[in-house]
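Peer 1: structure_11.cif (mmCIF, C-alpha atoms) pasted underneath:
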```cif
data_structure
#
loop_
_atom_site.label_atom_id
_atom_site.label_comp_id
_atom_site.auth_asym_id
_atom_site.auth_seq_id
_atom_site.Cartn_x
_atom_site.Cartn_y
_atom_site.Cartn_z
CA GLU A 29 -10.10 -25.31 15.28
CA PRO A 30 -11.79 -21.91 15.33
CA GLU A 31 -10.47 -19.43 12.82
CA VAL A 32 -10.88 -15.89 11.61
CA THR A 33 -12.54 -15.79 8.19
CA GLN A 34 -12.36 -12.96 5.69
CA THR A 35 -14.31 -12.21 2.55
CA PRO A 36 -13.71 -11.66 -0.26
CA SER A 37 -10.31 -13.20 -0.79
CA HIS A 38 -9.63 -10.77 -3.61
CA GLN A 39 -11.30 -7.44 -4.37
CA VAL A 40 -10.59 -5.30 -7.41
CA THR A 41 -11.95 -1.79 -7.35
CA GLN A 42 -11.61 1.42 -9.27
CA MET A 43 -9.86 4.35 -7.72
CA GLY A 44 -12.33 6.55 -5.86
CA GLN A 45 -14.76 3.74 -5.16
CA GLU A 46 -15.79 2.58 -1.72
CA VAL A 47 -14.92 -0.91 -0.57
CA ILE A 48 -15.99 -2.92 2.43
CA LEU A 49 -13.84 -5.78 3.64
CA ARG A 50 -15.54 -8.30 5.84
CA CYS A 51 -14.33 -10.44 8.70
CA VAL A 52 -15.84 -12.92 11.07
CA PRO A 53 -13.64 -13.05 14.18
CA ILE A 54 -13.42 -16.06 16.45
CA SER A 55 -16.68 -16.22 18.34
CA ASN A 56 -15.53 -15.80 21.94
CA HIS A 57 -12.97 -13.13 21.15
CA LEU A 58 -13.56 -9.59 22.32
CA TYR A 59 -10.82 -7.64 20.57
CA PHE A 60 -10.64 -7.13 16.84
CA TYR A 61 -7.97 -5.70 14.61
CA TRP A 62 -7.20 -4.74 11.05
CA TYR A 63 -3.69 -4.88 9.68
CA ARG A 64 -2.44 -4.39 6.16
CA GLN A 65 0.57 -5.59 4.22
CA ILE A 66 1.65 -3.83 1.09
CA LEU A 67 3.36 -6.26 -1.27
CA GLY A 68 6.93 -6.84 -0.17
CA GLN A 69 6.59 -4.86 3.03
CA LYS A 70 5.96 -5.59 6.67
CA VAL A 71 2.59 -6.08 8.29
CA GLU A 72 1.28 -2.74 9.60
CA PHE A 73 -1.29 -2.09 12.29
CA LEU A 74 -4.35 -0.11 11.27
CA VAL A 75 -6.87 -0.22 14.08
CA SER A 76 -8.10 -2.12 17.10
CA PHE A 77 -11.69 -2.34 18.25
CA TYR A 78 -13.27 -3.30 21.53
CA ASN A 79 -16.68 -2.89 23.05
CA ASN A 80 -18.04 -1.31 19.87
CA GLU A 81 -15.48 1.42 19.64
CA ILE A 82 -12.02 2.03 18.33
CA SER A 83 -9.45 1.58 21.07
CA GLU A 84 -6.33 2.39 19.10
CA LYS A 85 -5.47 3.43 15.57
CA SER A 86 -2.36 4.16 13.57
CA GLU A 87 -1.51 7.13 11.37
CA ILE A 88 -2.51 5.07 8.35
CA PHE A 89 -6.09 4.88 9.60
CA ASP A 90 -7.21 8.31 8.43
CA ASP A 91 -10.69 9.68 7.75
CA GLN A 92 -11.03 7.49 4.67
CA PHE A 93 -11.13 4.40 6.87
CA SER A 94 -13.83 3.25 9.22
CA VAL A 95 -14.66 0.05 11.08
CA GLU A 96 -17.92 -1.34 12.24
CA ARG A 97 -19.34 -4.33 14.01
CA PRO A 98 -22.77 -4.34 12.42
CA ASP A 99 -23.97 -7.44 14.21
CA GLY A 100 -22.75 -10.01 16.67
CA SER A 101 -20.45 -11.79 14.29
CA ASN A 102 -19.12 -9.50 11.56
CA PHE A 103 -16.38 -6.90 11.72
CA THR A 104 -15.90 -4.69 8.68
CA LEU A 105 -13.33 -2.27 7.33
CA LYS A 106 -14.59 0.40 4.96
CA ILE A 107 -12.42 2.53 2.73
CA ARG A 108 -14.53 5.40 1.46
CA SER A 109 -12.61 6.56 -1.58
CA THR A 110 -9.88 4.15 -2.52
CA LYS A 111 -6.50 5.28 -3.76
CA LEU A 112 -3.93 3.34 -5.72
CA GLU A 113 -1.74 3.17 -2.63
CA ASP A 114 -4.48 1.36 -0.73
CA SER A 115 -3.65 -1.75 -2.74
CA ALA A 116 -2.47 -4.30 -0.21
CA MET A 117 -3.39 -7.43 1.69
CA TYR A 118 -5.73 -6.59 4.54
CA PHE A 119 -5.73 -8.91 7.51
CA CYS A 120 -8.34 -9.12 10.18
CA ALA A 121 -7.32 -10.51 13.56
CA SER A 122 -8.99 -11.18 16.86
CA SER A 123 -7.89 -11.97 20.38
CA GLU A 124 -9.58 -13.10 23.52
CA LEU A 125 -7.81 -10.57 25.67
CA VAL A 126 -5.97 -7.33 25.07
CA GLY A 127 -2.26 -6.72 25.17
CA ASN A 128 -0.04 -9.65 25.91
CA THR A 129 -2.06 -12.27 24.22
CA GLU A 130 -2.07 -14.11 20.95
CA ALA A 131 -3.90 -12.52 18.05
CA PHE A 132 -5.29 -14.92 15.45
CA PHE A 133 -5.16 -13.72 11.87
CA GLY A 134 -7.43 -14.42 8.96
CA GLN A 135 -6.24 -15.38 5.50
CA GLY A 136 -6.50 -11.84 4.26
CA THR A 137 -8.26 -9.94 1.50
CA ARG A 138 -6.14 -8.81 -1.39
CA LEU A 139 -7.34 -5.35 -2.42
CA THR A 140 -6.29 -4.13 -5.83
CA VAL A 141 -7.13 -0.56 -6.73
CA VAL A 142 -6.93 0.22 -10.44
CA GLY B 18 -0.63 -13.00 2.48
CA GLU B 19 2.36 -13.07 0.23
CA SER B 20 5.44 -11.40 1.44
CA VAL B 21 7.13 -11.60 -1.87
CA GLY B 22 9.78 -9.13 -1.06
CA LEU B 23 12.83 -8.74 -3.24
CA HIS B 24 14.53 -7.23 -0.23
CA LEU B 25 13.62 -9.78 2.42
CA PRO B 26 16.64 -11.35 4.08
CA THR B 27 16.72 -15.02 3.23
CA LEU B 28 17.96 -17.95 5.21
CA SER B 29 18.57 -21.12 3.27
CA VAL B 30 19.05 -24.34 5.22
CA GLN B 31 19.29 -28.02 4.50
CA GLU B 32 16.42 -30.21 5.59
CA GLY B 33 17.19 -31.61 9.01
CA ASP B 34 19.49 -28.79 10.04
CA ASN B 35 18.63 -26.28 12.73
CA SER B 36 17.56 -22.78 11.73
CA ILE B 37 18.06 -19.56 13.62
CA ILE B 38 16.12 -16.47 12.62
CA ASN B 39 16.96 -13.18 14.27
CA CYS B 40 15.03 -10.03 14.96
CA ALA B 41 15.99 -6.69 16.47
CA TYR B 42 13.13 -4.84 18.08
CA SER B 43 12.96 -1.14 18.64
CA ASN B 44 10.89 -0.35 21.69
CA SER B 45 12.54 -0.96 25.05
CA ALA B 46 9.09 -0.74 26.64
CA SER B 47 7.85 -3.76 24.71
CA ASP B 48 7.07 -6.61 27.04
CA TYR B 49 5.49 -9.23 24.86
CA PHE B 50 6.87 -10.76 21.71
CA ILE B 51 5.49 -13.17 19.16
CA TRP B 52 6.91 -15.06 16.23
CA TYR B 53 4.59 -15.51 13.28
CA LYS B 54 4.97 -17.71 10.23
CA GLN B 55 3.47 -16.58 6.96
CA GLU B 56 3.13 -18.97 4.06
CA SER B 57 2.37 -17.75 0.58
CA GLY B 58 -1.24 -16.69 0.24
CA LYS B 59 -1.99 -17.00 3.93
CA GLY B 60 -2.22 -14.80 6.97
CA PRO B 61 0.34 -14.74 9.77
CA GLN B 62 0.20 -17.87 11.88
CA PHE B 63 1.22 -17.84 15.54
CA ILE B 64 4.28 -19.93 16.36
CA ILE B 65 5.43 -19.00 19.84
CA ASP B 66 5.40 -16.06 22.21
CA ILE B 67 7.49 -14.85 25.11
CA ARG B 68 7.00 -12.27 27.82
CA SER B 69 9.72 -9.90 28.91
CA ASN B 70 10.16 -11.56 32.29
CA MET B 71 11.57 -14.60 30.50
CA ASP B 72 14.65 -15.05 28.35
CA LYS B 73 13.83 -18.40 26.81
CA ARG B 74 10.74 -20.35 25.94
CA GLN B 75 10.44 -23.67 24.19
CA GLY B 76 7.71 -25.15 22.10
CA GLN B 77 7.54 -28.12 19.84
CA ARG B 78 10.72 -27.93 17.72
CA VAL B 79 10.89 -24.19 18.28
CA THR B 80 12.68 -22.07 20.87
CA VAL B 81 12.50 -18.33 21.31
CA LEU B 82 15.31 -16.43 22.99
CA LEU B 83 14.96 -12.89 24.26
CA ASN B 84 17.86 -10.60 25.06
CA LYS B 85 16.43 -7.40 26.46
CA THR B 86 19.83 -5.82 26.95
CA VAL B 87 20.42 -5.59 23.22
CA LYS B 88 16.74 -5.75 22.21
CA HIS B 89 17.19 -8.94 20.27
CA LEU B 90 14.87 -11.84 19.67
CA SER B 91 15.64 -15.12 17.95
CA LEU B 92 13.66 -18.09 16.77
CA GLN B 93 15.35 -21.46 16.64
CA ILE B 94 13.76 -24.25 14.64
CA ALA B 95 15.13 -27.72 15.26
CA ALA B 96 15.36 -30.30 12.49
CA THR B 97 13.99 -27.93 9.87
CA GLN B 98 11.50 -29.47 7.46
CA PRO B 99 10.34 -28.41 3.99
CA GLY B 100 7.02 -27.39 5.54
CA ASP B 101 8.88 -24.78 7.57
CA SER B 102 9.60 -22.81 4.41
CA ALA B 103 7.85 -19.47 4.85
CA VAL B 104 8.43 -15.88 5.87
CA TYR B 105 8.91 -15.41 9.60
CA PHE B 106 8.01 -12.20 11.39
CA CYS B 107 8.69 -11.13 14.91
CA ALA B 108 6.16 -8.80 16.49
CA GLU B 109 6.23 -6.77 19.69
CA ASN B 110 3.61 -5.34 21.99
CA ASN B 111 4.20 -2.81 24.72
CA ASN B 112 1.07 -3.54 26.72
CA ALA B 113 0.27 0.14 26.77
CA GLY B 114 -1.99 -0.64 23.88
CA ASN B 115 -3.03 -3.60 21.87
CA MET B 116 -1.26 -3.14 18.61
CA LEU B 117 1.47 -5.42 17.40
CA THR B 118 4.47 -3.90 15.68
CA PHE B 119 5.89 -6.28 13.14
CA GLY B 120 9.47 -6.63 12.01
CA GLY B 121 10.48 -6.81 8.38
CA GLY B 122 10.45 -10.59 8.03
CA THR B 123 12.95 -13.27 7.07
CA ARG B 124 12.34 -15.79 4.32
CA LEU B 125 13.31 -19.32 5.31
CA MET B 126 14.00 -21.71 2.46
CA VAL B 127 14.50 -25.37 3.25
CA LYS B 128 16.39 -27.43 0.73
CA PRO B 129 15.44 -31.11 0.58
#
```
Rewrite the coordinates I just gave you, this time as structure tokens.
Peer 2:
Amino acid sequence: EPEVTQTPSHQVTQMGQEVILRCVPISNHLYFYWYRQILGQKVEFLVSFYNNEISEKSEIFDDQFSVERPDGSNFTLKIRSTKLEDSAMYFCASSELVGNTEAFFGQGTRLTVV
Amino acid sequence: GESVGLHLPTLSVQEGDNSIINCAYSNSASDYFIWYKQESGKGPQFIIDIRSNMDKRQGQRVTVLLNKTVKHLSLQIAATQPGDSAVYFCAENNNAGNMLTFGGGTRLMVKP
């Protein structure tokens, strides 16, 4: 069964450093997403991406965040200067269609900022 | 993918019993709803979805009920098994965009 894969599974970084979280969405999917989940809290939407541009983003997704699809298979989330409060699980998801359709989630990357 | 939340509501059921997990959603414009299951260390896994033009949908051992009048969604799991132990999230989408808004989650614990 096709799945969304994320690397690394766990990333530890020092405050102020840049991190790049990587995702390989399901191959025939056209819509890509990043969500995050701070420990003990609900899953929160960060950004959606379609046709090589951001289609929607939340208030969390400020200037410190960026997304890119550098090639035909990878989808990345970059945090330019990490803060302690960026520590969370980051989930990539993809869907075949937009809106009322199932989004498939990856296993997540646990980001720990120290 | 852990949702180790000290404040997560918890439902504890005996193996073989039926489970009902409830969710109140906030946006009356939402027209698509999904239930996700999240096991420790994993990402959310799709269970079942329902569109706003329906009030009930059944899958294998699971049923989702939608009450738009009171903005309430429930997930029923028949003959609950130990493998059903996880945190369950409802999520809503208003079709104006493509973001899912997740609820706070309920931890289901199945006692053998």
Peer 1: Carefully work through the PyMOL selection byres ((chain B) within 12 of (chain A)) for this structure and note down the residues it includes, as a PyMOL selection string.
Peer 2: chain B and resi 18-26+47-69+104-124
Peer 1: To one decimal place, how far is atom CA of A:Glu87 from atom CA of B:Ala41 in Å?
Peer 2: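 If I compute the distance from atom CA of A:Glu87 to atom CA of B:Ala41, I get 22.9 Å.
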Peer 1: Since I can't run it myself right now, could you work out what the PyMOL selection byres ((chain A and resi 106) around 6) selects here and report it as a list in words?
Peer 2: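 Given this file, the PyMOL selection byres ((chain A and resi 106) around 6) evaluates to Val47, Ile48, Phe93, Ser94, Leu105 and Ile107 of chain A.
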Peer 1: Which residues are close to B:Ile94, i.e. within 8 Å by all atoms listed in the file, leaving aside same-chain residues fewer than 4 positions away? Reply as a VMD selection string.
Peer 2: chain B and resid 35 to 37 78 to 80
Peer 1: So that I can check the surroundings of A:Asn102, please list as a PDB file with C-alpha atoms, in the coordinates of the input every protein, DNA and RNA residue that reaches within 9 Å of it, counting all atoms listed in the file and ignoring chain neighbours fewer than 4 positions away.
Peer 2:
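Final output, saved to part-v8.pdb:
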```
ATOM      1  CA  ARG A  50     -15.540  -8.300   5.840  1.00  0.00           C
ATOM      2  CA  CYS A  51     -14.330 -10.440   8.700  1.00  0.00           C
ATOM      3  CA  VAL A  52     -15.840 -12.920  11.070  1.00  0.00           C
ATOM      4  CA  PRO A  53     -13.640 -13.050  14.180  1.00  0.00           C
ATOM      5  CA  GLU A  96     -17.920  -1.340  12.240  1.00  0.00           C
ATOM      6  CA  ARG A  97     -19.340  -4.330  14.010  1.00  0.00           C
ATOM      7  CA  PRO A  98     -22.770  -4.340  12.420  1.00  0.00           C
TER       8      PRO A  98
END
```
Peer 1: Have a look at A:Ser55, A:Leu49, A:Thr33, A:Gln42 and name the one nearest to A:Val95; count only C-alpha atoms.
Peer 2: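 Of A:Ser55, A:Leu49, A:Thr33, A:Gln42, the one nearest A:Val95, counting only C-alpha atoms, is A:Leu49.
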Peer 1: So, counting all atoms listed in the file, which residue among B:Val81, B:Val87, B:Val30, B:Ala96 is closest to B:Ser43?
Peer 2: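 Closest candidate: B:Val87.
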Peer 1: Evaluate the PyMOL selection byres ((chain B and resi 89-91) around 7) against this structure - the residues, as an MDAnalysis selection string, please.
Peer 2: chainID B and resid 37:42 81:85 87:88 92:93
Peer 1: Choose the residue, out of B:Thr97, B:Asn70, B:Ser102, B:Asn44, that has the smallest atom-to-atom separation from B:Gln31; count only C-alpha atoms.
Peer 2: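 Answer, going by the shortest atom-to-atom distance: B:Thr97.
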